[in-house]
>>> print(open('protein20.cif').read())   # mmCIF, C-alpha atoms
data_entry
loop_
_atom_site.label_atom_id
_atom_site.label_comp_id
_atom_site.auth_asym_id
_atom_site.auth_seq_id
_atom_site.Cartn_x
_atom_site.Cartn_y
_atom_site.Cartn_z
CA MET A 1 179.91 14.12 -85.78
CA ALA A 2 183.29 13.52 -87.39
CA ALA A 3 184.39 12.31 -90.79
CA ARG A 4 185.57 8.72 -90.80
CA GLY A 5 189.17 8.52 -89.64
CA THR A 6 189.12 11.86 -87.81
CA GLU A 7 187.45 10.77 -84.58
CA GLY A 8 190.66 10.57 -82.52
CA VAL A 9 191.88 13.89 -83.87
CA LEU A 10 188.58 15.57 -82.97
CA ARG A 11 188.71 14.01 -79.49
CA ASP A 12 192.15 15.52 -78.88
CA GLU A 13 191.07 18.90 -80.25
CA LEU A 14 188.02 19.08 -77.97
CA ARG A 15 190.09 18.15 -74.95
CA GLU A 16 192.51 20.96 -75.76
CA LEU A 17 189.54 23.34 -75.93
CA GLY A 18 188.61 22.23 -72.40
CA VAL A 19 185.36 20.54 -73.41
CA PRO A 20 184.17 18.20 -70.61
CA LEU A 21 183.55 14.45 -70.73
CA VAL A 22 185.03 13.88 -74.19
CA LYS A 23 184.95 10.34 -75.56
CA ALA A 24 185.60 9.20 -79.14
CA THR A 25 183.29 6.66 -80.75
CA ARG A 26 182.82 5.38 -84.26
CA GLY A 27 181.70 8.26 -86.45
CA GLY A 28 181.98 10.96 -83.84
CA VAL A 29 182.89 12.19 -80.38
CA HIS A 30 180.57 12.48 -77.38
CA PHE A 31 180.99 15.32 -74.89
CA GLY A 32 179.10 16.76 -71.93
CA GLY A 33 178.29 20.23 -70.72
CA ASP A 34 175.56 22.77 -71.31
CA PHE A 35 174.43 24.87 -74.27
CA LEU A 36 177.46 27.12 -73.99
CA TRP A 37 179.87 24.23 -74.55
CA ALA A 38 177.95 23.13 -77.64
CA ALA A 39 178.06 26.68 -79.00
CA ARG A 40 181.82 26.83 -78.36
CA VAL A 41 182.37 23.62 -80.31
CA CYS A 42 180.32 24.98 -83.23
CA LEU A 43 182.42 28.15 -83.22
CA GLN A 44 185.89 26.80 -82.46
CA SER A 45 186.21 23.22 -83.68
CA ARG A 46 188.19 22.86 -86.89
CA ILE A 47 187.55 19.10 -87.21
CA ALA A 48 183.88 18.52 -86.27
CA VAL A 49 181.41 18.10 -89.13
CA ARG A 50 178.24 18.62 -87.08
CA VAL A 51 177.24 19.07 -83.43
CA LEU A 52 174.20 17.01 -82.41
CA GLN A 53 172.20 17.04 -79.17
CA THR A 54 170.35 13.91 -78.03
CA VAL A 55 166.77 14.67 -76.94
CA ALA A 56 165.27 11.19 -76.63
CA GLN A 57 166.12 7.48 -76.69
CA PHE A 58 163.55 4.69 -76.75
CA LYS A 59 162.71 1.27 -78.15
CA ALA A 60 161.10 1.30 -81.62
CA GLU A 61 160.42 -2.18 -82.95
CA ASN A 62 157.52 -0.99 -85.10
CA ALA A 63 156.00 2.14 -86.58
CA ASP A 64 153.63 2.75 -83.68
CA GLU A 65 156.41 2.62 -81.07
CA LEU A 66 158.44 5.01 -83.20
CA TYR A 67 155.53 7.44 -83.55
CA GLN A 68 154.65 7.38 -79.85
CA GLY A 69 158.27 7.84 -78.77
CA VAL A 70 158.68 10.86 -81.00
CA TYR A 71 155.32 12.33 -80.02
CA ARG A 72 156.29 12.33 -76.33
CA VAL A 73 159.16 14.77 -76.91
CA GLU A 74 158.34 18.39 -76.04
CA TRP A 75 159.00 19.72 -79.54
CA GLU A 76 157.23 22.99 -78.77
CA GLN A 77 160.28 23.96 -76.69
CA VAL A 78 162.47 24.26 -79.79
CA LEU A 79 160.06 24.38 -82.72
CA ALA A 80 157.35 26.96 -83.41
CA PRO A 81 154.61 26.53 -86.04
CA SER A 82 156.12 29.39 -88.03
CA MET A 83 159.43 27.52 -88.37
CA THR A 84 160.50 24.86 -90.88
CA LEU A 85 161.52 21.28 -90.23
CA ALA A 86 163.45 18.43 -91.86
CA VAL A 87 164.17 14.86 -90.73
CA HIS A 88 167.12 12.65 -91.70
CA SER A 89 167.21 8.95 -90.77
CA ASN A 90 169.98 6.39 -90.46
CA LEU A 91 168.99 2.77 -89.87
CA ARG A 92 170.92 -0.38 -89.03
CA SER A 93 169.89 -3.87 -87.90
CA SER A 94 166.29 -2.91 -87.10
CA ALA A 95 162.81 -4.14 -87.95
CA LEU A 96 162.08 -0.83 -89.69
CA THR A 97 164.26 -0.89 -92.78
CA HIS A 98 163.16 2.04 -94.97
CA SER A 99 164.74 5.37 -94.03
CA ALA A 100 162.19 7.40 -96.00
CA PHE A 101 159.33 5.74 -94.11
CA VAL A 102 161.03 6.34 -90.75
CA SER A 103 161.63 10.02 -91.61
CA LEU A 104 157.99 10.41 -92.63
CA LYS A 105 156.73 8.78 -89.43
CA VAL A 106 158.95 10.99 -87.27
CA LYS A 107 157.82 14.07 -89.17
CA ASP A 108 154.17 13.10 -88.70
CA ALA A 109 154.61 12.72 -84.93
CA ILE A 110 156.33 16.09 -84.61
CA VAL A 111 153.81 18.08 -86.65
CA ASP A 112 150.86 16.28 -85.00
CA ARG A 113 152.11 17.33 -81.57
CA LEU A 114 152.67 20.93 -82.70
CA ARG A 115 149.23 21.06 -84.29
CA GLU A 116 147.64 19.81 -81.06
CA ARG A 117 149.60 22.20 -78.83
CA ALA A 118 149.55 25.33 -81.00
CA GLY A 119 146.76 24.82 -83.51
CA LYS A 120 149.21 25.03 -86.43
CA ARG A 121 151.96 22.87 -87.85
CA PRO A 122 155.43 23.78 -89.17
CA ASP A 123 156.27 23.46 -92.86
CA ILE A 124 158.86 21.08 -94.28
CA ASP A 125 162.03 22.48 -95.86
CA ARG A 126 164.55 19.79 -96.78
CA ARG A 127 167.08 22.26 -98.18
CA ASP A 128 167.41 24.81 -95.36
CA PRO A 129 165.25 23.93 -92.34
CA ASP A 130 165.15 25.89 -89.11
CA LEU A 131 165.28 22.61 -87.19
CA LEU A 132 167.02 19.50 -88.50
CA VAL A 133 166.16 16.29 -86.64
CA ASN A 134 168.41 13.25 -87.02
CA VAL A 135 167.04 9.79 -86.28
CA HIS A 136 169.43 6.94 -85.51
CA LEU A 137 167.67 3.57 -85.37
CA VAL A 138 170.06 0.76 -84.45
CA ASN A 139 169.02 -2.66 -83.16
CA ASN A 140 165.47 -1.33 -82.72
CA GLN A 141 166.68 1.44 -80.42
CA ALA A 142 165.82 4.95 -81.59
CA GLU A 143 167.83 8.06 -80.79
CA LEU A 144 166.57 11.52 -81.72
CA LEU A 145 169.17 14.24 -82.16
CA LEU A 146 168.91 17.94 -82.95
CA ASP A 147 171.52 19.49 -85.25
CA LEU A 148 172.96 22.56 -83.54
CA SER A 149 175.33 23.36 -86.39
CA GLY A 150 172.81 23.83 -89.18
CA GLU A 151 174.95 23.74 -92.29
CA PRO A 152 177.87 21.29 -91.97
CA LEU A 153 180.73 22.95 -90.12
CA HIS A 154 183.19 22.53 -92.98
CA ARG A 155 181.33 25.38 -94.71
CA ARG A 156 183.34 28.16 -93.11
CA GLY A 157 181.90 30.81 -95.40
CA TYR A 158 185.05 31.82 -97.27
CA ARG A 159 185.03 29.28 -100.10
CA LEU A 160 182.47 30.41 -102.63
CA GLN A 161 184.41 28.69 -105.42
CA GLY A 162 186.52 25.55 -105.54
CA GLY A 163 188.67 23.78 -108.07
CA ASP A 164 188.19 20.21 -109.22
CA ALA A 165 187.26 17.87 -106.33
CA PRO A 166 187.94 20.45 -103.57
CA LEU A 167 189.07 19.18 -100.19
CA LYS A 168 186.69 19.78 -97.30
CA GLU A 169 187.96 22.35 -94.84
CA THR A 170 187.56 19.99 -91.87
CA LEU A 171 189.68 17.33 -93.57
CA ALA A 172 192.37 19.88 -94.42
CA ALA A 173 192.44 20.97 -90.77
CA CYS A 174 192.75 17.33 -89.72
CA MET A 175 195.69 16.81 -92.10
CA LEU A 176 197.45 19.83 -90.61
CA ARG A 177 196.98 18.52 -87.09
CA LEU A 178 198.14 15.00 -87.92
CA SER A 179 201.22 16.36 -89.71
CA GLY A 180 202.58 17.86 -86.50
CA TRP A 181 202.80 21.37 -87.93
CA ASN A 182 203.22 23.83 -85.06
CA ARG A 183 201.53 26.92 -86.62
CA GLU A 184 204.84 28.83 -86.59
CA THR A 185 206.98 27.00 -89.16
CA LEU A 186 207.06 27.60 -92.91
CA LEU A 187 204.31 25.65 -94.70
CA VAL A 188 203.96 25.12 -98.46
CA ASP A 189 201.25 23.44 -100.53
CA PRO A 190 202.74 23.03 -104.04
CA MET A 191 199.42 21.95 -105.62
CA CYS A 192 197.13 24.23 -103.64
CA GLY A 193 194.13 24.42 -106.00
CA SER A 194 191.50 26.67 -104.44
CA GLY A 195 193.70 27.08 -101.36
CA THR A 196 191.91 25.04 -98.71
CA ILE A 197 194.99 23.62 -96.96
CA VAL A 198 196.93 26.90 -96.82
CA ILE A 199 193.87 28.93 -95.82
CA GLU A 200 193.07 26.50 -93.00
CA ALA A 201 196.71 26.71 -91.92
CA ALA A 202 196.56 30.51 -91.90
CA LEU A 203 193.34 30.49 -89.87
CA GLN A 204 195.12 28.34 -87.28
CA ALA A 205 198.31 30.42 -87.32
CA GLN A 206 196.38 33.68 -86.89
CA GLY A 207 194.13 32.23 -84.18
CA ILE A 208 190.92 32.82 -86.15
CA ALA A 209 188.04 30.62 -85.00
CA PRO A 210 186.70 28.67 -88.00
CA GLY A 211 183.07 29.53 -87.18
CA LEU A 212 183.59 33.30 -87.24
CA GLY A 213 182.84 33.37 -90.95
CA ARG A 214 179.42 31.80 -90.45
CA LYS A 215 176.42 34.12 -90.28
CA ARG A 216 174.65 31.85 -87.82
CA PHE A 217 174.43 28.29 -86.56
CA GLY A 218 171.40 26.03 -86.51
CA PHE A 219 170.64 26.53 -82.81
CA GLU A 220 170.28 30.29 -83.38
CA ARG A 221 167.09 29.59 -85.34
CA TRP A 222 165.41 27.52 -82.63
CA ALA A 223 162.47 28.75 -80.55
CA SER A 224 164.53 28.02 -77.42
CA HIS A 225 167.26 30.47 -78.43
CA ASP A 226 166.17 33.22 -76.05
CA SER A 227 167.76 36.52 -75.08
CA ALA A 228 170.08 34.85 -72.56
CA GLN A 229 171.45 32.42 -75.13
CA ARG A 230 171.76 35.19 -77.71
CA ALA A 231 173.84 37.21 -75.26
CA GLN A 232 176.06 34.21 -74.51
CA THR A 233 176.56 33.50 -78.22
CA ALA A 234 177.40 37.14 -78.93
CA GLU A 235 179.96 37.12 -76.12
CA LEU A 236 181.57 33.96 -77.50
CA ARG A 237 181.95 35.59 -80.91
CA ALA A 238 183.30 38.80 -79.39
CA LEU A 239 185.96 36.90 -77.42
CA ALA A 240 186.92 34.94 -80.55
CA ARG A 241 187.34 38.19 -82.50
CA GLU A 242 189.59 39.62 -79.77
CA ILE A 243 191.88 36.59 -79.99
CA ALA A 244 192.04 36.57 -83.80
CA ASN A 245 195.16 37.96 -85.48
CA VAL A 246 197.10 38.43 -82.23
CA ASN A 247 199.80 35.99 -83.41
CA GLU A 248 202.54 36.84 -85.89
CA PRO A 249 201.51 34.75 -88.92
CA ALA A 250 203.79 31.99 -90.13
CA MET A 251 205.05 32.03 -93.71
CA ILE A 252 202.37 30.07 -95.61
CA VAL A 253 202.66 29.61 -99.36
CA GLY A 254 200.28 28.11 -101.90
CA LYS A 255 201.63 27.18 -105.33
CA ASP A 256 199.83 25.86 -108.40
CA ARG A 257 200.39 25.58 -112.13
CA ASP A 258 196.90 26.87 -113.01
CA PRO A 259 196.49 30.68 -112.81
CA SER A 260 192.69 30.40 -112.81
CA VAL A 261 192.57 28.34 -109.61
CA LEU A 262 195.16 30.64 -108.04
CA SER A 263 192.74 33.51 -108.64
CA ILE A 264 190.06 31.52 -106.83
CA ALA A 265 192.47 30.76 -103.98
CA ARG A 266 193.39 34.43 -103.57
CA ALA A 267 189.69 35.41 -103.43
CA ASN A 268 189.01 32.68 -100.86
CA ALA A 269 191.92 33.87 -98.70
CA ARG A 270 190.66 37.46 -98.81
CA ARG A 271 187.21 36.36 -97.66
CA ALA A 272 188.80 34.32 -94.86
CA GLY A 273 190.79 37.36 -93.75
CA VAL A 274 194.14 35.53 -93.79
CA ARG A 275 197.61 36.24 -95.13
CA VAL A 276 198.83 33.63 -97.61
CA ARG A 277 201.34 34.06 -100.42
CA PHE A 278 200.31 32.47 -103.72
CA GLU A 279 202.67 31.70 -106.60
CA ARG A 280 202.36 30.08 -109.98
CA ALA A 281 204.74 27.10 -110.16
CA GLU A 282 205.13 23.53 -111.40
CA VAL A 283 205.37 20.91 -108.66
CA ALA A 284 208.14 19.11 -110.58
CA GLU A 285 210.26 22.26 -110.30
CA LEU A 286 209.60 22.76 -106.60
CA ARG A 287 212.40 24.59 -104.83
CA ILE A 288 212.04 26.07 -101.35
CA PRO A 289 214.84 28.39 -100.19
CA ALA A 290 214.69 27.33 -96.55
CA ARG A 291 216.41 24.76 -94.37
CA ALA A 292 213.28 23.33 -92.81
CA GLY A 293 209.52 23.45 -92.99
CA TYR A 294 206.43 21.50 -93.95
CA VAL A 295 205.00 20.56 -97.31
CA ILE A 296 201.38 19.37 -97.16
CA ILE A 297 199.61 18.36 -100.32
CA ASN A 298 196.43 16.77 -101.65
CA PRO A 299 197.73 15.62 -105.05
CA PRO A 300 195.35 14.52 -107.80
CA TYR A 301 194.51 10.84 -107.68
CA GLY A 302 192.22 8.31 -109.32
CA VAL A 303 190.16 9.71 -112.15
CA ARG A 304 191.60 13.19 -111.49
CA LEU A 305 195.13 12.11 -112.47
CA SER A 306 195.75 12.60 -116.21
CA GLU A 307 199.57 12.57 -116.30
CA GLY A 308 199.82 9.17 -114.61
CA ALA A 309 203.02 7.59 -113.34
CA ALA A 310 205.26 10.30 -114.79
CA LEU A 311 203.70 12.98 -112.58
CA ILE A 312 203.93 10.74 -109.52
CA GLU A 313 207.66 10.26 -110.09
CA GLN A 314 208.14 13.99 -110.65
CA ILE A 315 206.37 14.77 -107.36
CA ALA A 316 208.47 12.18 -105.51
CA GLN A 317 211.72 13.52 -106.96
CA ALA A 318 210.78 17.08 -106.02
CA PHE A 319 209.94 15.98 -102.48
CA ARG A 320 213.15 13.97 -102.02
CA ARG A 321 215.15 17.14 -102.73
CA LEU A 322 213.61 18.91 -99.71
CA SER A 323 216.27 18.02 -97.17
CA GLY A 324 215.17 18.91 -93.63
CA PHE A 325 211.48 19.15 -94.51
CA ARG A 326 208.52 17.09 -93.42
CA VAL A 327 206.42 16.20 -96.45
CA CYS A 328 202.81 15.01 -96.09
CA ALA A 329 200.44 13.82 -98.82
CA LEU A 330 196.87 12.54 -98.84
CA VAL A 331 196.75 9.73 -101.39
CA ALA A 332 194.27 7.06 -102.50
CA ASP A 333 196.88 4.46 -103.51
CA ARG A 334 200.49 3.47 -102.84
CA LYS A 335 202.04 4.94 -105.99
CA LEU A 336 203.47 8.07 -104.39
CA PRO A 337 204.57 6.31 -101.15
CA THR A 338 206.37 3.70 -103.24
CA ALA A 339 208.03 6.34 -105.40
CA MET A 340 209.20 8.28 -102.33
CA ARG A 341 211.67 5.49 -101.33
CA VAL A 342 211.65 6.86 -97.80
CA ARG A 343 209.96 5.15 -94.89
CA PRO A 344 206.96 7.24 -93.69
CA ILE A 345 206.88 8.37 -90.08
CA ILE A 346 203.08 8.80 -90.17
CA GLU A 347 200.41 6.75 -91.93
CA HIS A 348 196.80 7.51 -91.05
CA GLU A 349 193.56 6.40 -92.72
CA LEU A 350 191.25 9.24 -93.73
CA TRP A 351 188.19 9.39 -95.96
CA ASN A 352 187.92 12.12 -98.57
CA GLY A 353 184.16 11.91 -99.11
CA ASP A 354 183.61 8.28 -100.12
CA ILE A 355 187.25 7.73 -101.14
CA ASP A 356 189.40 5.67 -98.79
CA CYS A 357 192.71 7.55 -98.48
CA ARG A 358 195.89 7.57 -96.43
CA LEU A 359 197.83 10.51 -95.08
CA PHE A 360 201.55 9.74 -95.36
CA CYS A 361 204.27 11.93 -93.83
CA TRP A 362 208.01 11.63 -94.46
CA ASP A 363 210.94 13.38 -92.82
CA ILE A 364 213.39 14.01 -95.67
CA PRO A 365 216.95 13.31 -94.50
#
>>> encode(input="protein20.cif", output="structure tokens")
Amino acid sequence: MAARGTEGVLRDELRELGVPLVKATRGGVHFGGDFLWAARVCLQSRIAVRVLQTVAQFKAENADELYQGVYRVEWEQVLAPSMTLAVHSNLRSSALTHSAFVSLKVKDAIVDRLRERAGKRPDIDRRDPDLLVNVHLVNNQAELLLDLSGEPLHRRGYRLQGGDAPLKETLAACMLRLSGWNRETLLVDPMCGSGTIVIEAALQAQGIAPGLGRKRFGFERWASHDSAQRAQTAELRALAREIANVNEPAMIVGKDRDPSVLSIARANARRAGVRVRFERAEVAELRIPARAGYVIINPPYGVRLSEGAALIEQIAQAFRRLSGFRVCALVADRKLPTAMRVRPIIEHELWNGDIDCRLFCWDIP
């Protein structure tokens, strides 16, 4: 799965990782391969939100067809009675219209089969299940998918605290990729908040796989995760650790006016194991003693923006002074692009949660 607007970026990333049979679709990217490829994507993808495995597809025009289709799946291969289960449903253009009812029916079929096969049934845990089953019901066609990632992949493990409206790590990584930053050039975020953009940049520059900070993925809790798969997963992590920190890190700087969020950013960077320089500074007074580099920023917008038009103009003036730099900003309106008075070289639609945004990039002459 991918956040809206990131599908093409994720497609390109997976192809660079060597993942087979990659194809972008709305809301995600399909790929082929075995368990090992799925585990690699969980560990190495910086853009993917979740990794899902299709286990069944069938027609479900009514509740009975749904129940029977689910019941036929060999759930005992991945789910033991001692484990926990949760079901999420997404419906569109189907005779069954209530997602809660569909989730309940799917749950009933799974636990009924386990009870018949093993004499016991698994418990339900909606917060932290061992097995998360996703149901997509579109035009009366059901697809059952298992979530290999467990927690969403943007939860790298280093950000225990965030500032106001923190940017998801996967979206920050997508912004970096779209900007054209090459992982070697100076990069500055002058409104860094809790440090997500600069920490993600440092992870890339130092070659640290984003999943290395996770204790485990969803598939590691399945009944099918046997000794062979455990050995393969351990080897993947070991190889990723060998590669980490072999590169000379680029100069990456996070600036912010608020010392309290800078303290949070420093703590997040320490947990991530990356080298980032943090400084207290006002964006309106931004000066960078270099001839070239990148500035990437997620400025406050909408209800978060208290200073209004004056701050927008200050940001634009500061950016226009950065001769030789590429400046990129994720914005929810056209105020900053208008104030820049420079034609953007990149404009890409991205969604920050449920907010429709645009990433604009300008080369400052």
>>> residues_around(input="protein20.cif", residues="region 111-123 of chain A", least_positions_apart="2", cutoff="6 Å", atoms="all atoms listed in the file", output="PyMOL selection string")
chain A and resi 81-84+108-109
>>> resolve_selection(input="protein20.cif", expression="the PyMOL selection byres ((chain A and resi 141-145) around 10)", output="PDB file with C-alpha atoms, in the coordinates of the input")
ATOM      1  CA  VAL A  51     177.240  19.070 -83.430  1.00  0.00           C
ATOM      2  CA  LEU A  52     174.200  17.010 -82.410  1.00  0.00           C
ATOM      3  CA  GLN A  53     172.200  17.040 -79.170  1.00  0.00           C
ATOM      4  CA  THR A  54     170.350  13.910 -78.030  1.00  0.00           C
ATOM      5  CA  VAL A  55     166.770  14.670 -76.940  1.00  0.00           C
ATOM      6  CA  ALA A  56     165.270  11.190 -76.630  1.00  0.00           C
ATOM      7  CA  GLN A  57     166.120   7.480 -76.690  1.00  0.00           C
ATOM      8  CA  PHE A  58     163.550   4.690 -76.750  1.00  0.00           C
ATOM      9  CA  LYS A  59     162.710   1.270 -78.150  1.00  0.00           C
ATOM     10  CA  ALA A  60     161.100   1.300 -81.620  1.00  0.00           C
ATOM     11  CA  GLU A  61     160.420  -2.180 -82.950  1.00  0.00           C
ATOM     12  CA  GLU A  65     156.410   2.620 -81.070  1.00  0.00           C
ATOM     13  CA  LEU A  66     158.440   5.010 -83.200  1.00  0.00           C
ATOM     14  CA  GLY A  69     158.270   7.840 -78.770  1.00  0.00           C
ATOM     15  CA  VAL A  70     158.680  10.860 -81.000  1.00  0.00           C
ATOM     16  CA  VAL A  73     159.160  14.770 -76.910  1.00  0.00           C
ATOM     17  CA  VAL A  87     164.170  14.860 -90.730  1.00  0.00           C
ATOM     18  CA  HIS A  88     167.120  12.650 -91.700  1.00  0.00           C
ATOM     19  CA  SER A  89     167.210   8.950 -90.770  1.00  0.00           C
ATOM     20  CA  ASN A  90     169.980   6.390 -90.460  1.00  0.00           C
ATOM     21  CA  LEU A  91     168.990   2.770 -89.870  1.00  0.00           C
ATOM     22  CA  ARG A  92     170.920  -0.380 -89.030  1.00  0.00           C
ATOM     23  CA  SER A  93     169.890  -3.870 -87.900  1.00  0.00           C
ATOM     24  CA  SER A  94     166.290  -2.910 -87.100  1.00  0.00           C
ATOM     25  CA  VAL A 106     158.950  10.990 -87.270  1.00  0.00           C
ATOM     26  CA  LEU A 132     167.020  19.500 -88.500  1.00  0.00           C
ATOM     27  CA  VAL A 133     166.160  16.290 -86.640  1.00  0.00           C
ATOM     28  CA  ASN A 134     168.410  13.250 -87.020  1.00  0.00           C
ATOM     29  CA  VAL A 135     167.040   9.790 -86.280  1.00  0.00           C
ATOM     30  CA  HIS A 136     169.430   6.940 -85.510  1.00  0.00           C
ATOM     31  CA  LEU A 137     167.670   3.570 -85.370  1.00  0.00           C
ATOM     32  CA  VAL A 138     170.060   0.760 -84.450  1.00  0.00           C
ATOM     33  CA  ASN A 139     169.020  -2.660 -83.160  1.00  0.00           C
ATOM     34  CA  ASN A 140     165.470  -1.330 -82.720  1.00  0.00           C
ATOM     35  CA  LEU A 146     168.910  17.940 -82.950  1.00  0.00           C
ATOM     36  CA  ASP A 147     171.520  19.490 -85.250  1.00  0.00           C
ATOM     37  CA  LEU A 148     172.960  22.560 -83.540  1.00  0.00           C
TER      38      LEU A 148
END
>>> resolve_selection(input="protein20.cif", expression="the PyMOL selection byres ((chain A and resi 167-181) around 8)", output="PyMOL selection string")
chain A and resi 3+6+9+46-49+153-156+165-166+182-185+196-197+200-201+294+296+298+328+346+352+359+361
>>> write_last_selection(input="protein20.cif", atoms="C-alpha atoms", output="PDB file, in the coordinates of the input")
ATOM      1  CA  ALA A   3     184.390  12.310 -90.790  1.00  0.00           C
ATOM      2  CA  THR A   6     189.120  11.860 -87.810  1.00  0.00           C
ATOM      3  CA  VAL A   9     191.880  13.890 -83.870  1.00  0.00           C
ATOM      4  CA  ARG A  46     188.190  22.860 -86.890  1.00  0.00           C
ATOM      5  CA  ILE A  47     187.550  19.100 -87.210  1.00  0.00           C
ATOM      6  CA  ALA A  48     183.880  18.520 -86.270  1.00  0.00           C
ATOM      7  CA  VAL A  49     181.410  18.100 -89.130  1.00  0.00           C
ATOM      8  CA  LEU A 153     180.730  22.950 -90.120  1.00  0.00           C
ATOM      9  CA  HIS A 154     183.190  22.530 -92.980  1.00  0.00           C
ATOM     10  CA  ARG A 155     181.330  25.380 -94.710  1.00  0.00           C
ATOM     11  CA  ARG A 156     183.340  28.160 -93.110  1.00  0.00           C
ATOM     12  CA  ALA A 165     187.260  17.870-106.330  1.00  0.00           C
ATOM     13  CA  PRO A 166     187.940  20.450-103.570  1.00  0.00           C
ATOM     14  CA  ASN A 182     203.220  23.830 -85.060  1.00  0.00           C
ATOM     15  CA  ARG A 183     201.530  26.920 -86.620  1.00  0.00           C
ATOM     16  CA  GLU A 184     204.840  28.830 -86.590  1.00  0.00           C
ATOM     17  CA  THR A 185     206.980  27.000 -89.160  1.00  0.00           C
ATOM     18  CA  THR A 196     191.910  25.040 -98.710  1.00  0.00           C
ATOM     19  CA  ILE A 197     194.990  23.620 -96.960  1.00  0.00           C
ATOM     20  CA  GLU A 200     193.070  26.500 -93.000  1.00  0.00           C
ATOM     21  CA  ALA A 201     196.710  26.710 -91.920  1.00  0.00           C
ATOM     22  CA  TYR A 294     206.430  21.500 -93.950  1.00  0.00           C
ATOM     23  CA  ILE A 296     201.380  19.370 -97.160  1.00  0.00           C
ATOM     24  CA  ASN A 298     196.430  16.770-101.650  1.00  0.00           C
ATOM     25  CA  CYS A 328     202.810  15.010 -96.090  1.00  0.00           C
ATOM     26  CA  ILE A 346     203.080   8.800 -90.170  1.00  0.00           C
ATOM     27  CA  ASN A 352     187.920  12.120 -98.570  1.00  0.00           C
ATOM     28  CA  LEU A 359     197.830  10.510 -95.080  1.00  0.00           C
ATOM     29  CA  CYS A 361     204.270  11.930 -93.830  1.00  0.00           C
TER      30      CYS A 361
END
>>> atom_distance(input="protein20.cif", atom1="CA of Glu76 (chain A)", atom2="CA of Arg50 (chain A)")
23.0 Å
>>> resolve_selection(input="protein20.cif", expression="the PyMOL selection byres ((chain A and resi 27-29) around 9)", output="CSV table (one decimal) with C-alpha atoms, in the frame of the given file")
chain,number,residue,atom,x,y,z
A,1,MET,CA,179.9,14.1,-85.8
A,2,ALA,CA,183.3,13.5,-87.4
A,3,ALA,CA,184.4,12.3,-90.8
A,4,ARG,CA,185.6,8.7,-90.8
A,5,GLY,CA,189.2,8.5,-89.6
A,6,THR,CA,189.1,11.9,-87.8
A,7,GLU,CA,187.4,10.8,-84.6
A,8,GLY,CA,190.7,10.6,-82.5
A,10,LEU,CA,188.6,15.6,-83.0
A,11,ARG,CA,188.7,14.0,-79.5
A,14,LEU,CA,188.0,19.1,-78.0
A,22,VAL,CA,185.0,13.9,-74.2
A,23,LYS,CA,185.0,10.3,-75.6
A,24,ALA,CA,185.6,9.2,-79.1
A,25,THR,CA,183.3,6.7,-80.8
A,26,ARG,CA,182.8,5.4,-84.3
A,30,HIS,CA,180.6,12.5,-77.4
A,31,PHE,CA,181.0,15.3,-74.9
A,48,ALA,CA,183.9,18.5,-86.3
A,49,VAL,CA,181.4,18.1,-89.1
>>> atom_distance(input="protein20.cif", atom1="CA of Leu212 (chain A)", atom2="CA of Leu330 (chain A)")
27.2 Å
>>> atom_distance(input="protein20.cif", atom1="CA of Arg270 (chain A)", atom2="CA of Val41 (chain A)")
24.5 Å
>>> closest_residue(input="protein20.cif", among="A:Ile345, A:Leu336, A:Ala202, A:Val102", to="Leu311 (chain A)", atoms="only C-alpha atoms")
A:Leu336
>>> residues_around(input="protein20.cif", residues="Arg334 (chain A)", least_positions_apart="4", cutoff="10 Å", atoms="all atoms listed in the file", output="list in words")
Thr338, Ala339, Met340, Cys357, Arg358 and Phe360 of chain A
>>> write_last_selection(input="protein20.cif", atoms="C-alpha atoms", output="PDB file, in the coordinates of the input")
ATOM      1  CA  THR A 338     206.370   3.700-103.240  1.00  0.00           C
ATOM      2  CA  ALA A 339     208.030   6.340-105.400  1.00  0.00           C
ATOM      3  CA  MET A 340     209.200   8.280-102.330  1.00  0.00           C
ATOM      4  CA  CYS A 357     192.710   7.550 -98.480  1.00  0.00           C
ATOM      5  CA  ARG A 358     195.890   7.570 -96.430  1.00  0.00           C
ATOM      6  CA  PHE A 360     201.550   9.740 -95.360  1.00  0.00           C
TER       7      PHE A 360
END
>>> closest_residue(input="protein20.cif", among="A:Val283, A:Ala269, A:Arg291, A:Glu235", to="Glu313 (chain A)", atoms="all atoms listed in the file")
A:Val283
>>> closest_residue(input="protein20.cif", among="A:His225, A:Ala244, A:Val331, A:Gly353", to="Gly273 (chain A)", atoms="only C-alpha atoms")
A:Ala244
>>> closest_residue(input="protein20.cif", among="A:Ile315, A:Ala332, A:Asp130, A:Gln232", to="Arg40 (chain A)", atoms="all atoms listed in the file")
A:Gln232
>>> build_atoms(input="protein20.cif", residues="region 166-170 of chain A", atoms="N, CA and C atoms", output="PDB file, in the frame of the given file")
ATOM      1  N   PRO A 166     187.324  19.705-104.685  1.00  0.00           N
ATOM      2  CA  PRO A 166     187.940  20.450-103.570  1.00  0.00           C
ATOM      3  C   PRO A 166     187.903  19.655-102.275  1.00  0.00           C
ATOM      4  N   LEU A 167     188.938  19.838-101.482  1.00  0.00           N
ATOM      5  CA  LEU A 167     189.070  19.180-100.190  1.00  0.00           C
ATOM      6  C   LEU A 167     188.201  19.902 -99.172  1.00  0.00           C
ATOM      7  N   LYS A 168     187.485  19.147 -98.337  1.00  0.00           N
ATOM      8  CA  LYS A 168     186.690  19.780 -97.300  1.00  0.00           C
ATOM      9  C   LYS A 168     187.605  20.437 -96.269  1.00  0.00           C
ATOM     10  N   GLU A 169     187.161  21.576 -95.776  1.00  0.00           N
ATOM     11  CA  GLU A 169     187.960  22.350 -94.840  1.00  0.00           C
ATOM     12  C   GLU A 169     188.286  21.565 -93.569  1.00  0.00           C
ATOM     13  N   THR A 170     187.328  20.778 -93.077  1.00  0.00           N
ATOM     14  CA  THR A 170     187.560  19.990 -91.870  1.00  0.00           C
ATOM     15  C   THR A 170     188.626  18.935 -92.087  1.00  0.00           C
TER      16      THR A 170
END
